[in-house]
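Asks: Contents of start19.pdb (PDB, C-alpha atoms) are below:
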MODEL        1
ATOM      1  CA  MET A 172       0.000   0.000   0.000
ATOM      2  CA  ASP A 173       1.300   3.440  -0.936
ATOM      3  CA  TYR A 174       0.603   6.030   1.769
ATOM      4  CA  LYS A 175       0.842   9.714   0.873
ATOM      5  CA  PRO A 176      -0.133  11.951   3.800
ATOM      6  CA  ARG A 177      -1.428  15.438   2.928
ATOM      7  CA  LEU A 178      -1.071  18.345   5.328
ATOM      8  CA  SER A 179      -3.501  21.116   6.240
ATOM      9  CA  MET A 180      -2.176  24.141   8.149
ATOM     10  CA  THR A 181      -3.731  26.478  10.714
ATOM     11  CA  ILE A 182      -2.849  30.188  10.500
ATOM     12  CA  ASP A 183      -4.178  32.616  13.126
ATOM     13  CA  GLY A 184      -6.966  30.234  14.085
ATOM     14  CA  ASN A 185      -8.153  29.417  10.551
ATOM     15  CA  THR A 186      -7.375  26.073   8.938
ATOM     16  CA  TYR A 187      -6.468  25.897   5.255
ATOM     17  CA  SER A 188      -6.594  22.692   3.193
ATOM     18  CA  TYR A 189      -3.588  21.271   1.405
ATOM     19  CA  LYS A 190      -5.513  22.091  -1.799
ATOM     20  CA  LEU A 191      -4.792  25.808  -1.297
ATOM     21  CA  PHE A 192      -1.061  25.211  -0.906
ATOM     22  CA  ASP A 193      -0.965  22.837  -3.882
ATOM     23  CA  ALA A 194      -2.622  25.595  -5.930
ATOM     24  CA  LEU A 195      -0.132  28.230  -4.777
ATOM     25  CA  LYS A 196       2.763  25.947  -5.630
ATOM     26  CA  LEU A 197       1.411  25.335  -9.128
ATOM     27  CA  ILE A 198       0.779  29.059  -9.706
ATOM     28  CA  SER A 199       4.334  29.769  -8.550
ATOM     29  CA  ASN A 200       5.675  27.313 -11.147
ATOM     30  CA  MET A 201       3.249  27.993 -14.021
ATOM     31  CA  TYR A 202       2.542  31.734 -13.588
ATOM     32  CA  SER A 203      -1.073  30.987 -14.528
ATOM     33  CA  GLN A 204      -4.188  30.327 -12.452
ATOM     34  CA  ARG A 205      -5.942  28.770 -15.450
ATOM     35  CA  ARG A 206      -3.156  26.262 -16.081
ATOM     36  CA  ALA A 207      -2.902  25.543 -12.354
ATOM     37  CA  ALA A 208      -6.660  24.866 -12.217
ATOM     38  CA  LYS A 209      -6.451  22.542 -15.216
ATOM     39  CA  LYS A 210      -3.554  20.657 -13.621
ATOM     40  CA  MET A 211      -5.637  20.206 -10.455
ATOM     41  CA  GLY A 212      -8.693  19.084 -12.420
ATOM     42  CA  ILE A 213     -10.930  21.971 -11.311
ATOM     43  CA  SER A 214     -12.366  25.024 -13.031
ATOM     44  CA  HIS A 215     -10.641  28.386 -12.967
ATOM     45  CA  ALA A 216     -13.674  29.814 -11.122
ATOM     46  CA  VAL A 217     -13.348  27.247  -8.309
ATOM     47  CA  LEU A 218      -9.639  27.957  -7.903
ATOM     48  CA  ASN A 219     -10.172  31.703  -7.974
ATOM     49  CA  ARG A 220     -12.867  31.428  -5.274
ATOM     50  CA  ARG A 221     -10.569  29.256  -3.135
ATOM     51  CA  ILE A 222      -7.822  31.875  -3.283
ATOM     52  CA  LYS A 223     -10.241  34.780  -2.649
ATOM     53  CA  ASP A 224     -11.717  33.040   0.417
ATOM     54  CA  ALA A 225      -8.235  32.481   1.824
ATOM     55  CA  GLU A 226      -7.253  36.122   1.176
ATOM     56  CA  GLU A 227     -10.319  37.357   3.053
ATOM     57  CA  LYS A 228      -9.433  35.260   6.119
ATOM     58  CA  LEU A 229      -5.728  36.083   5.990
ATOM     59  CA  GLY A 230      -6.226  39.782   5.397
ATOM     60  CA  PHE A 231      -3.702  40.050   2.578
ATOM     61  CA  LYS A 232      -3.333  39.175  -1.105
ATOM     62  CA  LEU A 233      -1.843  35.869  -2.211
ATOM     63  CA  THR A 234      -1.469  36.564  -5.933
ATOM     64  CA  TYR A 235      -1.286  39.502  -8.309
ATOM     65  CA  SER A 236      -1.364  39.806 -12.109
ATOM     66  CA  THR A 237       1.442  41.034 -14.343
ATOM     67  CA  GLY A 238       2.151  40.923 -18.054
ATOM     68  CA  ALA A 239       3.917  37.613 -17.386
ATOM     69  CA  GLY A 240       0.857  36.104 -15.681
ATOM     70  CA  SER A 241      -0.123  35.350 -12.069
ATOM     71  CA  ILE A 242       2.594  35.867  -9.459
ATOM     72  CA  LEU A 243       2.642  34.988  -5.752
ATOM     73  CA  THR A 244       2.979  37.861  -3.303
ATOM     74  CA  ASP A 245       5.799  37.909  -0.765
ATOM     75  CA  ASP A 246       3.291  36.938   1.951
ATOM     76  CA  ALA A 247       2.153  33.938  -0.093
ATOM     77  CA  LEU A 248       5.758  32.866  -0.656
ATOM     78  CA  LYS A 249       6.427  33.022   3.107
ATOM     79  CA  ILE A 250       3.391  30.853   3.817
ATOM     80  CA  LEU A 251       4.363  28.376   1.105
ATOM     81  CA  LYS A 252       7.912  28.150   2.467
ATOM     82  CA  LYS A 253       6.549  27.354   5.928
ATOM     83  CA  TYR A 254       4.176  24.756   4.464
ATOM     84  CA  ASP A 255       6.993  23.084   2.527
ATOM     85  CA  LYS A 256       9.051  22.929   5.706
ATOM     86  CA  TYR A 257       6.317  20.950   7.459
ATOM     87  CA  THR A 258       5.501  18.660   4.538
ATOM     88  CA  LYS A 259       9.142  17.604   4.242
ATOM     89  CA  ARG A 260       8.807  16.004   7.661
ATOM     90  CA  LEU A 261       6.095  13.693   6.303
ATOM     91  CA  LYS A 262       8.329  12.191   3.648
ATOM     92  CA  GLN A 263      10.452   9.134   4.310
ATOM     93  CA  ARG A 264      14.038  10.255   4.514
ATOM     94  CA  LYS A 265      16.619   8.618   2.281
ATOM     95  CA  LYS A 266      19.138   8.834   5.100
ATOM     96  CA  ILE A 267      18.342   7.531   8.557
ATOM     97  CA  ILE A 268      18.541  10.374  11.100
ATOM     98  CA  ILE A 269      20.119   9.346  14.411
ATOM     99  CA  CYS A 270      20.206  11.744  17.343
ATOM    100  CA  GLY A 271      21.130  11.244  20.973
ATOM    101  CA  GLY A 272      23.582  11.705  23.800
ATOM    102  CA  TYR A 273      27.311  12.052  23.250
ATOM    103  CA  ALA A 274      28.260   8.545  24.359
ATOM    104  CA  SER A 275      25.399   6.697  22.665
ATOM    105  CA  THR A 276      25.807   8.478  19.322
ATOM    106  CA  ARG A 277      29.527   7.740  19.364
ATOM    107  CA  LEU A 278      28.596   4.070  19.610
ATOM    108  CA  MET A 279      25.947   4.424  16.893
ATOM    109  CA  GLU A 280      28.475   6.035  14.567
ATOM    110  CA  ILE A 281      30.749   3.012  14.872
ATOM    111  CA  LEU A 282      27.909   0.499  14.593
ATOM    112  CA  ALA A 283      26.441   2.249  11.535
ATOM    113  CA  PHE A 284      29.851   2.131   9.844
ATOM    114  CA  GLU A 285      30.326  -1.563  10.613
ATOM    115  CA  TYR A 286      26.816  -2.404   9.423
ATOM    116  CA  GLY A 287      26.904  -0.151   6.362
ATOM    117  CA  LEU A 288      23.937   2.019   7.347
ATOM    118  CA  ASP A 289      23.700   5.334   5.509
ATOM    119  CA  ALA A 290      22.870   7.669   8.385
ATOM    120  CA  SER A 291      23.247  11.250   9.546
ATOM    121  CA  ILE A 292      24.224  11.323  13.227
ATOM    122  CA  TYR A 293      23.728  14.308  15.523
ATOM    123  CA  LYS A 294      25.366  14.423  18.960
ATOM    124  CA  THR A 295      23.729  16.450  21.726
ATOM    125  CA  GLY A 296      22.328  16.059  25.231
ATOM    126  CA  ASP A 297      19.570  13.562  25.965
ATOM    127  CA  LYS A 298      16.910  16.225  26.557
ATOM    128  CA  GLU A 299      17.715  18.079  23.343
ATOM    129  CA  ALA A 300      17.554  14.796  21.424
ATOM    130  CA  LEU A 301      14.184  13.994  22.999
ATOM    131  CA  TYR A 302      12.877  17.394  21.911
ATOM    132  CA  LEU A 303      13.965  16.853  18.306
ATOM    133  CA  ALA A 304      12.376  13.391  18.355
ATOM    134  CA  SER A 305       9.100  14.931  19.564
ATOM    135  CA  LEU A 306       9.126  17.094  16.417
ATOM    136  CA  ASP A 307       9.387  13.951  14.252
ATOM    137  CA  MET A 308      12.868  14.938  13.081
ATOM    138  CA  VAL A 309      14.580  11.739  14.254
ATOM    139  CA  ASP A 310      14.406   8.116  13.068
ATOM    140  CA  ILE A 311      16.541   6.582  15.818
ATOM    141  CA  LEU A 312      16.832   8.157  19.261
ATOM    142  CA  THR A 313      19.662   7.038  21.555
ATOM    143  CA  LEU A 314      19.991   8.012  25.203
ATOM    144  CA  ASP A 315      23.043   8.064  27.446
ATOM    145  CA  ASP A 316      20.854   7.981  30.561
ATOM    146  CA  PRO A 317      17.965   5.468  30.585
ATOM    147  CA  VAL A 318      16.037   7.537  33.130
ATOM    148  CA  HIS A 319      14.842   9.833  30.324
ATOM    149  CA  ALA A 320      13.317   6.861  28.507
ATOM    150  CA  LEU A 321      11.592   5.726  31.698
ATOM    151  CA  ILE A 322      10.273   9.204  32.546
ATOM    152  CA  ASN A 323       8.847   9.618  29.055
ATOM    153  CA  ASP A 324       7.456   6.057  28.965
ATOM    154  CA  LEU A 325       9.426   5.197  25.836
ATOM    155  CA  ASP A 326       9.726   1.686  24.436
ATOM    156  CA  PHE A 327      13.512   1.331  24.484
ATOM    157  CA  THR A 328      15.946  -1.481  23.830
ATOM    158  CA  PRO A 329      19.207  -1.748  25.822
ATOM    159  CA  ILE A 330      22.111  -2.152  23.386
ATOM    160  CA  ALA A 331      25.152  -1.654  25.647
ATOM    161  CA  TYR A 332      26.304  -0.870  29.166
ATOM    162  CA  ASP A 333      28.419   2.076  30.223
ATOM    163  CA  TYR A 334      29.602   3.497  33.554
ATOM    164  CA  LEU A 335      31.137   6.668  34.946
ATOM    165  CA  VAL A 336      34.797   7.321  35.670
ATOM    166  CA  LEU A 337      36.384  10.037  37.779
ATOM    167  CA  ILE A 338      38.404  12.656  35.902
ATOM    168  CA  SER A 339      40.831  15.222  37.326
ATOM    169  CA  SER A 340      43.747  17.367  36.144
ATOM    170  CA  THR A 341      46.136  14.798  37.581
ATOM    171  CA  GLU A 342      45.500  11.145  36.859
ATOM    172  CA  SER A 343      43.835  10.336  40.135
ATOM    173  CA  SER A 344      44.853   7.191  41.973
ATOM    174  CA  LEU A 345      42.070   7.507  44.527
ATOM    175  CA  LYS A 346      41.064   4.112  45.851
ATOM    176  CA  SER A 347      38.096   5.226  47.936
ATOM    177  CA  ILE A 348      35.268   7.710  47.414
ATOM    178  CA  ASP A 349      35.872   8.942  50.964
ATOM    179  CA  LYS A 350      38.800  10.914  49.517
ATOM    180  CA  LEU A 351      36.303  12.974  47.467
ATOM    181  CA  GLU A 352      34.964  14.768  50.526
ATOM    182  CA  GLY A 353      34.798  18.534  49.929
ATOM    183  CA  LYS A 354      36.035  18.290  46.319
ATOM    184  CA  ASN A 355      34.858  20.633  43.557
ATOM    185  CA  PHE A 356      32.959  18.965  40.707
ATOM    186  CA  ILE A 357      31.936  20.218  37.279
ATOM    187  CA  GLU A 358      28.438  19.207  36.188
ATOM    188  CA  ILE A 359      27.608  17.952  32.691
ATOM    189  CA  GLU A 360      23.974  18.799  31.983
ATOM    190  CA  ASN A 361      21.501  16.026  31.149
ATOM    191  CA  SER A 362      24.103  13.308  31.518
ATOM    192  CA  PRO A 363      24.168  10.128  33.654
ATOM    193  CA  GLN A 364      26.122  12.052  36.308
ATOM    194  CA  ARG A 365      23.034  11.877  38.536
ATOM    195  CA  LEU A 366      24.251   8.336  39.317
ATOM    196  CA  ALA A 367      27.515   9.744  40.684
ATOM    197  CA  TRP A 368      25.809  12.402  42.800
ATOM    198  CA  ASN A 369      23.392   9.790  44.173
ATOM    199  CA  THR A 370      26.347   7.589  45.076
ATOM    200  CA  LEU A 371      28.135  10.384  46.941
ATOM    201  CA  ASP A 372      24.926  11.467  48.665
ATOM    202  CA  ASP A 373      24.132   7.902  49.776
ATOM    203  CA  ALA A 374      27.661   7.597  51.196
ATOM    204  CA  GLY A 375      27.222  10.865  53.102
ATOM    205  CA  ILE A 376      30.129  12.525  51.306
ATOM    206  CA  PRO A 377      29.802  16.324  50.996
ATOM    207  CA  TYR A 378      30.962  17.873  47.726
ATOM    208  CA  LYS A 379      30.724  21.144  45.824
ATOM    209  CA  LEU A 380      28.950  21.203  42.472
ATOM    210  CA  LYS A 381      29.827  24.028  40.094
ATOM    211  CA  SER A 382      27.753  25.207  37.123
ATOM    212  CA  GLY A 383      28.379  22.871  34.291
ATOM    213  CA  PHE A 384      28.746  22.317  30.574
ATOM    214  CA  LYS A 385      26.401  20.858  27.996
ATOM    215  CA  SER A 386      29.182  18.920  26.289
ATOM    216  CA  PRO A 387      31.275  16.320  28.159
ATOM    217  CA  TYR A 388      34.205  17.249  25.936
ATOM    218  CA  ASP A 389      34.085  20.873  27.114
ATOM    219  CA  ALA A 390      33.864  19.709  30.718
ATOM    220  CA  LEU A 391      36.805  17.373  30.157
ATOM    221  CA  LYS A 392      38.909  20.156  28.661
ATOM    222  CA  PHE A 393      38.101  22.465  31.583
ATOM    223  CA  VAL A 394      38.937  19.868  34.242
ATOM    224  CA  ARG A 395      42.195  18.901  32.538
ATOM    225  CA  SER A 396      43.346  22.533  32.604
ATOM    226  CA  HIS A 397      42.371  23.363  36.204
ATOM    227  CA  ASN A 398      43.772  22.004  39.439
ATOM    228  CA  ASP A 399      41.550  20.655  42.220
ATOM    229  CA  VAL A 400      38.531  20.281  39.947
ATOM    230  CA  TYR A 401      36.866  16.947  39.205
ATOM    231  CA  THR A 402      34.084  15.534  37.070
ATOM    232  CA  PHE A 403      32.522  12.194  36.180
ATOM    233  CA  ILE A 404      32.282  11.158  32.560
ATOM    234  CA  ASN A 405      31.235   8.065  30.620
ATOM    235  CA  HIS A 406      33.971   5.457  30.493
ATOM    236  CA  SER A 407      33.281   5.010  26.775
ATOM    237  CA  LEU A 408      34.367   8.616  26.200
ATOM    238  CA  GLU A 409      37.465   8.832  28.392
ATOM    239  CA  GLU A 410      39.725   6.738  30.589
ATOM    240  CA  GLY A 411      39.630   7.549  34.290
ATOM    241  CA  SER A 412      39.313   6.132  37.792
ATOM    242  CA  ASP A 413      36.552   3.521  38.059
ATOM    243  CA  ILE A 414      36.001   3.811  41.819
ATOM    244  CA  ILE A 415      32.213   4.001  41.371
ATOM    245  CA  LYS A 416      31.938   1.651  38.400
ATOM    246  CA  ASN A 417      29.459  -0.731  40.027
ATOM    247  CA  GLU A 418      27.253   2.069  41.337
ATOM    248  CA  THR A 419      27.022   3.885  37.998
ATOM    249  CA  MET A 420      26.639   1.027  35.517
ATOM    250  CA  HIS A 421      23.725   1.910  33.213
ATOM    251  CA  VAL A 422      22.259   0.927  29.860
ATOM    252  CA  ILE A 423      22.576   2.783  26.579
ATOM    253  CA  SER A 424      19.099   2.986  25.078
ATOM    254  CA  PHE A 425      17.931   2.566  21.473
ATOM    255  CA  ILE A 426      14.473   3.909  20.557
ATOM    256  CA  SER A 427      12.950   3.525  17.099
ATOM    257  CA  CYS A 428      10.980   6.659  16.175
ATOM    258  CA  ASN A 429      10.054   5.450  12.687
ATOM    259  CA  HIS A 430       8.316   2.086  12.780
ATOM    260  CA  GLU A 431       7.567   2.178   9.049
ATOM    261  CA  ASP A 432      11.227   1.865   8.019
ATOM    262  CA  ASN A 433      12.447  -1.724   7.953
ATOM    263  CA  ARG A 434      16.062  -0.529   7.830
ATOM    264  CA  ILE A 435      15.817   0.430  11.492
ATOM    265  CA  ASP A 436      14.596  -2.995  12.628
ATOM    266  CA  ASP A 437      17.319  -4.704  10.604
ATOM    267  CA  PHE A 438      19.970  -2.412  12.097
ATOM    268  CA  LEU A 439      18.783  -3.135  15.643
ATOM    269  CA  LYS A 440      18.873  -6.865  14.962
ATOM    270  CA  PHE A 441      22.500  -6.489  13.837
ATOM    271  CA  ILE A 442      23.410  -4.569  17.006
ATOM    272  CA  LEU A 443      22.069  -7.384  19.170
ATOM    273  CA  THR A 444      23.871 -10.136  17.250
ATOM    274  CA  PHE A 445      27.197 -11.583  18.376
ATOM    275  CA  ARG A 446      28.988  -9.495  15.731
ATOM    276  CA  GLY A 447      27.227  -6.304  16.774
ATOM    277  CA  GLN A 448      27.954  -6.868  20.455
ATOM    278  CA  ARG A 449      31.619  -7.466  19.620
ATOM    279  CA  VAL A 450      31.641  -3.998  18.046
ATOM    280  CA  VAL A 451      30.038  -2.681  21.251
ATOM    281  CA  GLU A 452      32.852  -4.161  23.361
ATOM    282  CA  LYS A 453      35.610  -2.908  21.070
ATOM    283  CA  SER A 454      34.089   0.589  21.261
ATOM    284  CA  GLY A 455      34.648   0.844  25.023
ATOM    285  CA  PHE A 456      31.213  -0.293  26.199
ATOM    286  CA  GLU A 457      30.085  -3.506  27.829
ATOM    287  CA  LYS A 458      27.783  -5.823  25.920
ATOM    288  CA  VAL A 459      24.217  -6.608  26.957
ATOM    289  CA  ARG A 460      24.206 -10.202  25.691
TER     290      ARG A 460
ENDMDL
END
What do you get writing this file as structure tokens?

Replies:
Amino acid sequence: MDYKPRLSMTIDGNTYSYKLFDALKLISNMYSQRRAAKKMGISHAVLNRRIKDAEEKLGFKLTYSTGAGSILTDDALKILKKYDKYTKRLKQRKKIIICGGYASTRLMEILAFEYGLDASIYKTGDKEALYLASLDMVDILTLDDPVHALINDLDFTPIAYDYLVLISSTESSLKSIDKLEGKNFIEIENSPQRLAWNTLDDAGIPYKLKSGFKSPYDALKFVRSHNDVYTFINHSLEEGSDIIKNETMHVISFISCNHEDNRIDDFLKFILTFRGQRVVEKSGFEKVR
């Protein structure tokens, strides 16, 4: 079955059918209302009435006549550009769009290469990736912290394990978290660091948390260049002290946002195979099976 969704659009409280926007697009290409009407299989009078009704509701002209024929006004072109922007989201993308946290997208980049998946991969924080997925701009969503999937009641598949390591300007040889009492930490927003803070809180260890960074790489650079400052970062991104490895072990989540594309199901099946999980291990993560 061939599905072709058509989009209506609401402007200032009034809803306009896709037929109006199809007409405007044809007029823009043909410079003729009569030819546009013929192409649509309607009379010129019906098309003219459709445009006039829309102009009355909008409060501005959509077309004007010149010696060259019918031309769209600047206002009509702006509306058509906005409409085209939305309709593009309804089309199946040739490239799979993957978006997620910094650690999980690093893994996806490697897995996509090994599998041969043609994909565009965007690295950001979990919350930003969730927002883009809510706008239907993502085919595969990956999360560094599974709590976001649980909070949003998402149907996720664990594809790897990761944990947090301690990072400081000097390669720390701390053997106990008790030594972290009173230390200054840099926060990485929307990361699995909550597991580290929970661990320190549960152990009754006081610490100082400074305003953080969105990117773990920026946080890493800052900590490496400043004395007496610490942070926790995913082991898959950087080597460090694993003194809270057991307490911060967590899954990397895979969420399919496009259930109509068989390429995504096939890719997930590969990830969960022996070969895929070997790639997971070689990439600095721990396998789930």

Asks: Which value, in Å to one decimal, gives the distance between CA of Gly411 in chain A and CA of Arg460 in chain A?

Replies: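 Computing the Euclidean distance for CA of Gly411 in chain A and CA of Arg460 in chain A yields 25.0 Å.
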
Asks: Give me, as a ChimeraX atom specification, all polymer residues having an atom no more than 9 Å from Asp399 in chain A, counting only C-alpha atoms and skipping those fewer than 2 positions away in the same chain.

Replies: /A:339-341,354-356,394,397,401

Asks: Can you measure CA of Thr181 in chain A to CA of Arg220 in chain A for me? One decimal in Å is fine.

Replies: 19.1 Å

Asks: Would you kindly return, as a PyMOL selection string, each protein, DNA or RNA residue with an atom no farther than 9 Å from any atom of Glu457 in chain A, considering all atoms listed in the file and excluding same-chain residues fewer than 2 positions away?

Replies: chain A and resi 331-333+448+451-455+459

Asks: Convert the current residue selection to file output with C-alpha atoms, as a CSV table (one decimal), in the coordinates of the input.

Replies:
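Dumped to out_34.csv:
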chain,number,residue,atom,x,y,z
A,331,ALA,CA,25.2,-1.7,25.6
A,332,TYR,CA,26.3,-0.9,29.2
A,333,ASP,CA,28.4,2.1,30.2
A,448,GLN,CA,28.0,-6.9,20.5
A,451,VAL,CA,30.0,-2.7,21.3
A,452,GLU,CA,32.9,-4.2,23.4
A,453,LYS,CA,35.6,-2.9,21.1
A,454,SER,CA,34.1,0.6,21.3
A,455,GLY,CA,34.6,0.8,25.0
A,459,VAL,CA,24.2,-6.6,27.0

Asks: Set the distance at 9 Å and use only C-alpha atoms: which residues neighbour Leu366 in chain A once local chain neighbours fewer than 6 positions away are removed? I'd like the list as a PyMOL selection string.

Replies: chain A and resi 335+418-421

Asks: What lies within 9 Å of range 262-279 of chain A using only C-alpha atoms, ignoring chain neighbours under 3 positions off, as a ChimeraX atom specification?

Replies: /A:175-176,258-259,282-284,288-301,303-304,308-316,331,333,361-362,386-387,405-408,423-425,431-432,434-435,450-451,454-456

Asks: Could you dump the residues just selected with C-alpha atoms as a PDB file, in the coordinates of the input?

Replies:
ATOM      1  CA  LYS A 175       0.842   9.714   0.873  1.00  0.00           C
ATOM      2  CA  PRO A 176      -0.133  11.951   3.800  1.00  0.00           C
ATOM      3  CA  THR A 258       5.501  18.660   4.538  1.00  0.00           C
ATOM      4  CA  LYS A 259       9.142  17.604   4.242  1.00  0.00           C
ATOM      5  CA  LEU A 282      27.909   0.499  14.593  1.00  0.00           C
ATOM      6  CA  ALA A 283      26.441   2.249  11.535  1.00  0.00           C
ATOM      7  CA  PHE A 284      29.851   2.131   9.844  1.00  0.00           C
ATOM      8  CA  LEU A 288      23.937   2.019   7.347  1.00  0.00           C
ATOM      9  CA  ASP A 289      23.700   5.334   5.509  1.00  0.00           C
ATOM     10  CA  ALA A 290      22.870   7.669   8.385  1.00  0.00           C
ATOM     11  CA  SER A 291      23.247  11.250   9.546  1.00  0.00           C
ATOM     12  CA  ILE A 292      24.224  11.323  13.227  1.00  0.00           C
ATOM     13  CA  TYR A 293      23.728  14.308  15.523  1.00  0.00           C
ATOM     14  CA  LYS A 294      25.366  14.423  18.960  1.00  0.00           C
ATOM     15  CA  THR A 295      23.729  16.450  21.726  1.00  0.00           C
ATOM     16  CA  GLY A 296      22.328  16.059  25.231  1.00  0.00           C
ATOM     17  CA  ASP A 297      19.570  13.562  25.965  1.00  0.00           C
ATOM     18  CA  LYS A 298      16.910  16.225  26.557  1.00  0.00           C
ATOM     19  CA  GLU A 299      17.715  18.079  23.343  1.00  0.00           C
ATOM     20  CA  ALA A 300      17.554  14.796  21.424  1.00  0.00           C
ATOM     21  CA  LEU A 301      14.184  13.994  22.999  1.00  0.00           C
ATOM     22  CA  LEU A 303      13.965  16.853  18.306  1.00  0.00           C
ATOM     23  CA  ALA A 304      12.376  13.391  18.355  1.00  0.00           C
ATOM     24  CA  MET A 308      12.868  14.938  13.081  1.00  0.00           C
ATOM     25  CA  VAL A 309      14.580  11.739  14.254  1.00  0.00           C
ATOM     26  CA  ASP A 310      14.406   8.116  13.068  1.00  0.00           C
ATOM     27  CA  ILE A 311      16.541   6.582  15.818  1.00  0.00           C
ATOM     28  CA  LEU A 312      16.832   8.157  19.261  1.00  0.00           C
ATOM     29  CA  THR A 313      19.662   7.038  21.555  1.00  0.00           C
ATOM     30  CA  LEU A 314      19.991   8.012  25.203  1.00  0.00           C
ATOM     31  CA  ASP A 315      23.043   8.064  27.446  1.00  0.00           C
ATOM     32  CA  ASP A 316      20.854   7.981  30.561  1.00  0.00           C
ATOM     33  CA  ALA A 331      25.152  -1.654  25.647  1.00  0.00           C
ATOM     34  CA  ASP A 333      28.419   2.076  30.223  1.00  0.00           C
ATOM     35  CA  ASN A 361      21.501  16.026  31.149  1.00  0.00           C
ATOM     36  CA  SER A 362      24.103  13.308  31.518  1.00  0.00           C
ATOM     37  CA  SER A 386      29.182  18.920  26.289  1.00  0.00           C
ATOM     38  CA  PRO A 387      31.275  16.320  28.159  1.00  0.00           C
ATOM     39  CA  ASN A 405      31.235   8.065  30.620  1.00  0.00           C
ATOM     40  CA  HIS A 406      33.971   5.457  30.493  1.00  0.00           C
ATOM     41  CA  SER A 407      33.281   5.010  26.775  1.00  0.00           C
ATOM     42  CA  LEU A 408      34.367   8.616  26.200  1.00  0.00           C
ATOM     43  CA  ILE A 423      22.576   2.783  26.579  1.00  0.00           C
ATOM     44  CA  SER A 424      19.099   2.986  25.078  1.00  0.00           C
ATOM     45  CA  PHE A 425      17.931   2.566  21.473  1.00  0.00           C
ATOM     46  CA  GLU A 431       7.567   2.178   9.049  1.00  0.00           C
ATOM     47  CA  ASP A 432      11.227   1.865   8.019  1.00  0.00           C
ATOM     48  CA  ARG A 434      16.062  -0.529   7.830  1.00  0.00           C
ATOM     49  CA  ILE A 435      15.817   0.430  11.492  1.00  0.00           C
ATOM     50  CA  VAL A 450      31.641  -3.998  18.046  1.00  0.00           C
ATOM     51  CA  VAL A 451      30.038  -2.681  21.251  1.00  0.00           C
ATOM     52  CA  SER A 454      34.089   0.589  21.261  1.00  0.00           C
ATOM     53  CA  GLY A 455      34.648   0.844  25.023  1.00  0.00           C
ATOM     54  CA  PHE A 456      31.213  -0.293  26.199  1.00  0.00           C
TER      55      PHE A 456
END

Asks: Would you mind listing what lies within 9 Å of Ala207 in chain A as a PDB file with C-alpha atoms, keeping the file's coordinate frame, with only C-alpha atoms counted and same-chain residues fewer than 2 positions away left out?

Replies:
ATOM      1  CA  ALA A 194      -2.622  25.595  -5.930  1.00  0.00           C
ATOM      2  CA  LEU A 195      -0.132  28.230  -4.777  1.00  0.00           C
ATOM      3  CA  LYS A 196       2.763  25.947  -5.630  1.00  0.00           C
ATOM      4  CA  LEU A 197       1.411  25.335  -9.128  1.00  0.00           C
ATOM      5  CA  ILE A 198       0.779  29.059  -9.706  1.00  0.00           C
ATOM      6  CA  ASN A 200       5.675  27.313 -11.147  1.00  0.00           C
ATOM      7  CA  MET A 201       3.249  27.993 -14.021  1.00  0.00           C
ATOM      8  CA  TYR A 202       2.542  31.734 -13.588  1.00  0.00           C
ATOM      9  CA  SER A 203      -1.073  30.987 -14.528  1.00  0.00           C
ATOM     10  CA  GLN A 204      -4.188  30.327 -12.452  1.00  0.00           C
ATOM     11  CA  ARG A 205      -5.942  28.770 -15.450  1.00  0.00           C
ATOM     12  CA  LYS A 209      -6.451  22.542 -15.216  1.00  0.00           C
ATOM     13  CA  LYS A 210      -3.554  20.657 -13.621  1.00  0.00           C
ATOM     14  CA  MET A 211      -5.637  20.206 -10.455  1.00  0.00           C
ATOM     15  CA  GLY A 212      -8.693  19.084 -12.420  1.00  0.00           C
ATOM     16  CA  ILE A 213     -10.930  21.971 -11.311  1.00  0.00           C
ATOM     17  CA  HIS A 215     -10.641  28.386 -12.967  1.00  0.00           C
ATOM     18  CA  LEU A 218      -9.639  27.957  -7.903  1.00  0.00           C
TER      19      LEU A 218
END

Asks: Between CA of Gly230 in chain A and CA of Ile250 in chain A, what is the distance in Å, rounded to a tenth?

Replies: 13.2 Å

Asks: Could you tell me, as a list in words, exactly which residues end up selected when the PyMOL selection byres ((chain A and resi 380) around 12) is applied to this structure?

Replies: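 When the PyMOL selection byres ((chain A and resi 380) around 12) is applied to the shown file, the picked residues are Glu352, Gly353, Lys354, Asn355, Phe356, Ile357, Glu358, Ile359, Glu360, Gln364, Arg365, Ala367, Trp368, Leu371, Pro377, Tyr378, Lys379, Lys381, Ser382, Gly383, Phe384, Val400, Tyr401, Thr402 and Phe403 of chain A.
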
Asks: For a quick check of understanding, using only C-alpha atoms, which of A:Ser214, A:Leu325, A:Ile348, A:Leu337 has the smallest distance to Ser427 in chain A?

Replies: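 Counting only C-alpha atoms, the residue closest to Ser427 in chain A is A:Leu325.
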
Asks: Here is a test: counting all atoms listed in the file, which residue of A:Thr370, A:Asn398, A:Ser179, A:Asn323 is nearest to Ile415 in chain A?

Replies: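 Of A:Thr370, A:Asn398, A:Ser179, A:Asn323, the one nearest Ile415 in chain A, counting all atoms listed in the file, is A:Thr370.
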
Asks: Counting all atoms listed in the file, figure out which residue out of A:Leu243, A:Leu248, A:Val422, A:Ala374 gets nearest to Pro329 in chain A.

Replies: A:Val422
